[in-house]
Amino acid sequence: MSSESDTGLQAARLEVVGELASLINSTYDLDEIFRTAIEKLRRVLEFRRASVVLVSADRASYYLHTLFDEAQGGFVREEGVFPVDRGLTGQAIRTGEAIRLDTFAGTDGIRTGREENVSALIVPIQVDGQVIGTLNFGAQDSERYEEEDLELAVLLGRQIATSLHYSKLLATIREQQEALAAEHEEVESERSRLEALVDASDAAIMMVAADRVAHANNAMAELLGLPREVVVGRPIEEINAVLSRSLSSPSALDAQNRALSGGAPLNDRVEFEFPRRLVCQRTVTTVRGNADEPLGHLVLYRDVTKEAEAEAAKSEFVSLVSHELRTPLTSVKTSLNLLVRGAAGELSAEVRELLEIALRNLDRLIRLVDDLLNLSRIESGRVVTKLAPVPLDDAVARAVDSVAGFAQERGVSFAHDESDAGLMVQADADRLQQVIINLLSNATKFSPEGGHVGLRWWKQADQAVLEISDEGPGIPADNLDEIFDKFRQLERTATRKYGGAGLGLAISRTIAEGFGGDLWAESEEGKGSRFFLRLRLAHEGPKERAAPREVSGPRSVLLVLGDADLQRLLRSQFDSSGWKVAVTSAGTDAMRRVTDGAVDLLVVAVELEDMHGLEFLQQLRASPRSVDIPALLFGPGGDPAQAVAYGADGWLAGDTDRLLVEANRLASAPRRSLVLLIEDDPAVRLGLARGLRRAGYACLETASGASALRLARERTPDLVLTDLQLPGMDGLALLRQFRNDPNLADVPAIVVTGHAAQAEKDTIASLRAQFVSKPLATAVVLREIERLLGS
């Protein structure tokens, strides 16, 4: 065919396409569209037979809708139903893809008697993403159709599909238009009301939809430091860039982005540095339509700076008052205890009863002060818990012992049900005991006289669950979670009847969650309550303890206390228990006494005459003579984790009875293994030293090889842990000095370095030392120390 003929055919086809488009826009009669389309196409496309088939409602078959057959004189009526899972037409319906057949034998209904092979085009008709039928053309010869013919048929199929789509919608278009107009009016009215409320608010508010700011009030524009017209319509990503420069912590945007991405609603506090310092209550919530569909999100920042300052001032005041109360209360309790025990002579029954009443009420006051101190430290983030394997049996036994006196006074007994023995839980031993004591005290307090408090625990998957039950009045179902709120009592009369400030459960739940566990309650009014503590199981047992050391003669204690009254009281307490007591109020004098003579134990106050108690501990642990002498901090604000980090063996808030128990335990415990740590990087040295002390080792620290050698010759360490690169004498030179000294030759050693050549590693091995590479984790070092010392 010549190029001139090709051009003419293309023009004719374009003309037909235009005519069909006009037809489709003017009518929605399917018969008229199908018949006219077939007739017009005969001008530009050769076919002997053409048809339109439609798929049945159940999509299992298809049937003839329109049929043109030139051999039969034009359009004919012919009925036929065919399965969709067979034949080429069925294939086009199933796949949705057009088919061009160059050679096709066909059937008797498709080809005439004188035709042998035919060619065909089969084009799917799709409406709303679903094939509803096909448009079919057949020529009497093979290889009649080109690719351009198939494209023309596909284009026609699309036009027909458009017609079908429009005919399908035509019946509902007017109704939809009217409904949409009414809905649009309602939405606009609602939008105007919402925007008016947003604009009237003094909080900074913006509405986010499709990752853009749909609306923002003047307060939000002022918070961002941008004109309002600039904020509205901007991508939320750009607004976040501005916020990240304004917030004290850019990571605070992570939670906001999660909420905007479909996460849970957000309600927290954030701090701004720019355009001014302020604290804001932030809320991110989903905005939903009438059908509960999400329309976007509302982001609100409310200035609560004054509230935050008031809360901080209140917390500081509570902490200060509680701190100042704790020492005099301890002195009063110790004095009363000494009187009850006959320190001032024999007491009459009446006087003893009055003193015991005073002691019971004093204990209530001390518990309240302790709860306030604990709450203050928890809220300020000063509580650091050290998780370790703790035997649950032991923790419960110690807690029961602590509450036994209180339970006996109230006529309540403890009933142990059958429990799983030997469970080890991941917790901080002191904090765990505090939680169990709180739960037992509550159960005892709310049980009637002659009642029982039940205890049992069991393994549940990889967790342990402890249950404490009482025979009290029970808790209404809708209050089961509220009882864990701060200062929460179910009724005002409960405070008067049972005592307490409603802090114990709030503190206990916070501690349990800090362990990665949970605390909850179940109850039925009139039938008592059950409290459940769930904790993670520990996967290692407690380390085997060395045998206690033998102590001949009375144990000696040095009381390093700045308060004169506390000195006299604790002296009397230790004297009455058979201890040899020395007293001083200054840290420098205490260091001299420790150097001059043997001391089995030190009790150190937080505030001394010449220094802070933690500073004194640092000096104590820097001396080879006193590095492993047991020492207890005594006084308000007790944080055992902080105490251990500075070298103490614990921190007691003011319980003198427990002080004596701990003192006897420490004095009879085996001496701790001494590790000599040599590291010139102060930060690394501090981290390793605290890790060693928390693991139960005594630690001498130094930054140079020369000073390490001097310390080792003054007090032989059980192990040396040294960096390779040191100022002056390096780690290898130090080890050579050790191996050449008869008193130090057999001390185990670990060398730590970031880069070591093979020759250096060989030298380290020849000096009978172990090699650990940097960067290192404290746990790795501790495992190697345990292996070398066999502890």
# chains A, B, ... in the order shown; residues from 1 in each chain; ligands from 1

call {"tool": "closest_atom_pairs", "arguments": {"of": "segment 56-110 of chain A", "to": "segment 26-43 of chain A", "cutoff": "9 Å", "atoms": "only C-alpha atoms", "output": "Markdown table"}}
result
| residue | atom | partner | partner_atom | distance |
| --- | --- | --- | --- | --- |
| A:His65 | CA | A:Asp31 | CA | 8.5 |
| A:Thr66 | CA | A:Phe34 | CA | 7.0 |
| A:Leu67 | CA | A:Arg35 | CA | 8.6 |
| A:Phe68 | CA | A:Ile38 | CA | 7.8 |
| A:Phe75 | CA | A:Arg35 | CA | 8.1 |

call {"tool": "select_by_dssp", "arguments": {"residues": "segment 198-423 of chain A", "states": "alpha helix (DSSP H)", "output": "ChimeraX atom specification"}}
result
/A:198-200,218-224,228-231,236-246,252-260,305-340,349-379,392-410

call {"tool": "atom_distance", "arguments": {"atom1": "atom CA of Thr286 of chain A", "atom2": "atom CA of Glu307 of chain A"}}
result
26.3 Å

call {"tool": "residues_around", "arguments": {"residues": "segment 707-711 of chain A", "least_positions_apart": "3", "cutoff": "7 Å", "atoms": "only C-alpha atoms", "output": "ChimeraX atom specification"}}
result
/A:624,678,702,704,714-715

call {"tool": "residues_around", "arguments": {"residues": "Gly133 of chain A", "least_positions_apart": "5", "cutoff": "12 Å", "atoms": "only C-alpha atoms", "output": "MDAnalysis selection string"}}
result
chainID A and resid 51:57 59 61:66 84 89:98 122:127 157:158 160:161 164

call {"tool": "write_last_selection", "arguments": {"atoms": "N, CA and C atoms", "output": "short mmCIF file (atom, residue, chain, number, x, y, z; two decimals), in the first residue's frame"}}
result
data_model
loop_
_atom_site.label_atom_id
_atom_site.label_comp_id
_atom_site.auth_asym_id
_atom_site.auth_seq_id
_atom_site.Cartn_x
_atom_site.Cartn_y
_atom_site.Cartn_z
N SER A 51 -19.07 -8.77 16.50
CA SER A 51 -20.04 -9.04 17.57
C SER A 51 -19.61 -8.34 18.86
N VAL A 52 -20.60 -8.17 19.73
CA VAL A 52 -20.37 -7.69 21.10
C VAL A 52 -20.95 -8.74 22.03
N VAL A 53 -20.12 -9.25 22.96
CA VAL A 53 -20.60 -10.20 23.95
C VAL A 53 -20.50 -9.57 25.33
N LEU A 54 -21.41 -9.93 26.22
CA LEU A 54 -21.42 -9.41 27.59
C LEU A 54 -21.35 -10.56 28.59
N VAL A 55 -20.71 -10.30 29.72
CA VAL A 55 -20.53 -11.32 30.75
C VAL A 55 -21.79 -11.40 31.61
N SER A 56 -22.17 -12.61 32.00
CA SER A 56 -23.36 -12.80 32.83
C SER A 56 -23.12 -12.25 34.24
N ALA A 57 -24.21 -12.10 35.01
CA ALA A 57 -24.14 -11.52 36.34
C ALA A 57 -23.26 -12.36 37.27
N ARG A 59 -20.74 -14.08 36.33
CA ARG A 59 -19.41 -14.09 35.71
C ARG A 59 -18.91 -15.50 35.38
N SER A 61 -20.28 -17.13 32.65
CA SER A 61 -20.48 -17.30 31.21
C SER A 61 -20.62 -15.94 30.55
N TYR A 62 -20.67 -15.98 29.20
CA TYR A 62 -20.93 -14.75 28.45
C TYR A 62 -21.91 -15.09 27.33
N TYR A 63 -22.60 -14.05 26.79
CA TYR A 63 -23.64 -14.28 25.79
C TYR A 63 -23.55 -13.20 24.71
N LEU A 64 -24.12 -13.50 23.55
CA LEU A 64 -24.13 -12.56 22.42
C LEU A 64 -25.13 -11.44 22.67
N HIS A 65 -24.69 -10.20 22.51
CA HIS A 65 -25.61 -9.08 22.63
C HIS A 65 -25.92 -8.48 21.26
N THR A 66 -24.90 -8.29 20.43
CA THR A 66 -25.05 -7.73 19.09
C THR A 66 -24.19 -8.55 18.14
N VAL A 84 -17.04 -18.95 30.51
CA VAL A 84 -15.92 -17.99 30.54
C VAL A 84 -14.57 -18.71 30.60
N THR A 89 -12.33 -15.96 23.52
CA THR A 89 -13.10 -14.87 24.11
C THR A 89 -13.08 -14.95 25.64
N GLY A 90 -13.24 -16.17 26.14
CA GLY A 90 -13.15 -16.35 27.60
C GLY A 90 -11.79 -15.94 28.13
N GLN A 91 -10.73 -16.23 27.36
CA GLN A 91 -9.38 -15.84 27.77
C GLN A 91 -9.26 -14.32 27.88
N ALA A 92 -9.81 -13.58 26.89
CA ALA A 92 -9.75 -12.12 26.92
C ALA A 92 -10.53 -11.58 28.11
N ILE A 93 -11.65 -12.23 28.45
CA ILE A 93 -12.44 -11.78 29.61
C ILE A 93 -11.67 -12.03 30.90
N ARG A 94 -11.03 -13.19 30.99
CA ARG A 94 -10.32 -13.53 32.22
C ARG A 94 -9.07 -12.67 32.43
N THR A 95 -8.33 -12.41 31.34
CA THR A 95 -7.05 -11.70 31.48
C THR A 95 -7.18 -10.20 31.32
N GLY A 96 -8.23 -9.75 30.62
CA GLY A 96 -8.37 -8.32 30.36
C GLY A 96 -7.42 -7.81 29.30
N GLU A 97 -6.83 -8.70 28.49
CA GLU A 97 -5.86 -8.29 27.47
C GLU A 97 -6.42 -8.58 26.07
N ALA A 98 -6.20 -7.62 25.14
CA ALA A 98 -6.67 -7.76 23.75
C ALA A 98 -5.88 -8.86 23.03
N ILE A 122 -9.98 -9.59 19.21
CA ILE A 122 -10.86 -9.72 20.38
C ILE A 122 -10.39 -8.68 21.41
N VAL A 123 -11.26 -7.71 21.73
CA VAL A 123 -10.89 -6.59 22.60
C VAL A 123 -11.78 -6.58 23.83
N PRO A 124 -11.22 -6.65 25.05
CA PRO A 124 -12.04 -6.60 26.27
C PRO A 124 -12.66 -5.21 26.46
N ILE A 125 -13.87 -5.18 26.99
CA ILE A 125 -14.53 -3.93 27.38
C ILE A 125 -14.54 -3.88 28.91
N GLN A 126 -13.85 -2.88 29.47
CA GLN A 126 -13.71 -2.79 30.93
C GLN A 126 -14.45 -1.57 31.45
N VAL A 127 -15.20 -1.79 32.53
CA VAL A 127 -15.92 -0.72 33.21
C VAL A 127 -15.58 -0.81 34.71
N GLY A 157 -13.12 -0.03 21.80
CA GLY A 157 -13.55 -0.69 23.04
C GLY A 157 -13.56 0.26 24.21
N ARG A 158 -12.56 1.13 24.27
CA ARG A 158 -12.51 2.11 25.36
C ARG A 158 -13.67 3.10 25.26
N ILE A 160 -16.57 2.57 23.90
CA ILE A 160 -17.78 1.87 24.30
C ILE A 160 -17.83 1.72 25.83
N ALA A 161 -16.67 1.41 26.43
CA ALA A 161 -16.62 1.29 27.87
C ALA A 161 -17.01 2.60 28.55
N LEU A 164 -20.70 2.92 28.36
CA LEU A 164 -21.34 2.06 29.35
C LEU A 164 -21.22 2.67 30.75
#

call {"tool": "residues_around", "arguments": {"residues": "Pro235 of chain A", "least_positions_apart": "6", "cutoff": "12 Å", "atoms": "only C-alpha atoms", "output": "ChimeraX atom specification"}}
result
/A:207-215,241-242

call {"tool": "select_by_dssp", "arguments": {"residues": "segment 460-678 of chain A", "states": "strand (DSSP E or B)", "output": "PyMOL selection string"}}
result
chain A and resi 460+463-469+518-523+529-537+556-560+580-584+601-605+607+612+631-634+651-652+674-678

call {"tool": "atom_distance", "arguments": {"atom1": "atom CA of Leu559 of chain A", "atom2": "atom CA of Gly342 of chain A"}}
result
22.8 Å

call {"tool": "closest_residue", "arguments": {"among": "A:Gln737, A:Thr716, A:Ser585, A:Gln725", "to": "Ser673 of chain A", "atoms": "only C-alpha atoms"}}
result
A:Thr716

call {"tool": "residues_around", "arguments": {"residues": "Asn218 of chain A", "least_positions_apart": "6", "cutoff": "9 Å", "atoms": "only C-alpha atoms", "output": "VMD selection string"}}
result
chain A and resid 199 202 204 to 205 227 to 228

call {"tool": "atom_distance", "arguments": {"atom1": "atom CA of Asp762 of chain A", "atom2": "atom CA of Leu692 of chain A"}}
result
27.3 Å

call {"tool": "residues_around", "arguments": {"residues": "segment 405-411 of chain A", "least_positions_apart": "5", "cutoff": "12 Å", "atoms": "only C-alpha atoms", "output": "NGL selection string"}}
result
:A and (356-357 or 359-361 or 363-364 or 399-400 or 437 or 440-453 or 498)
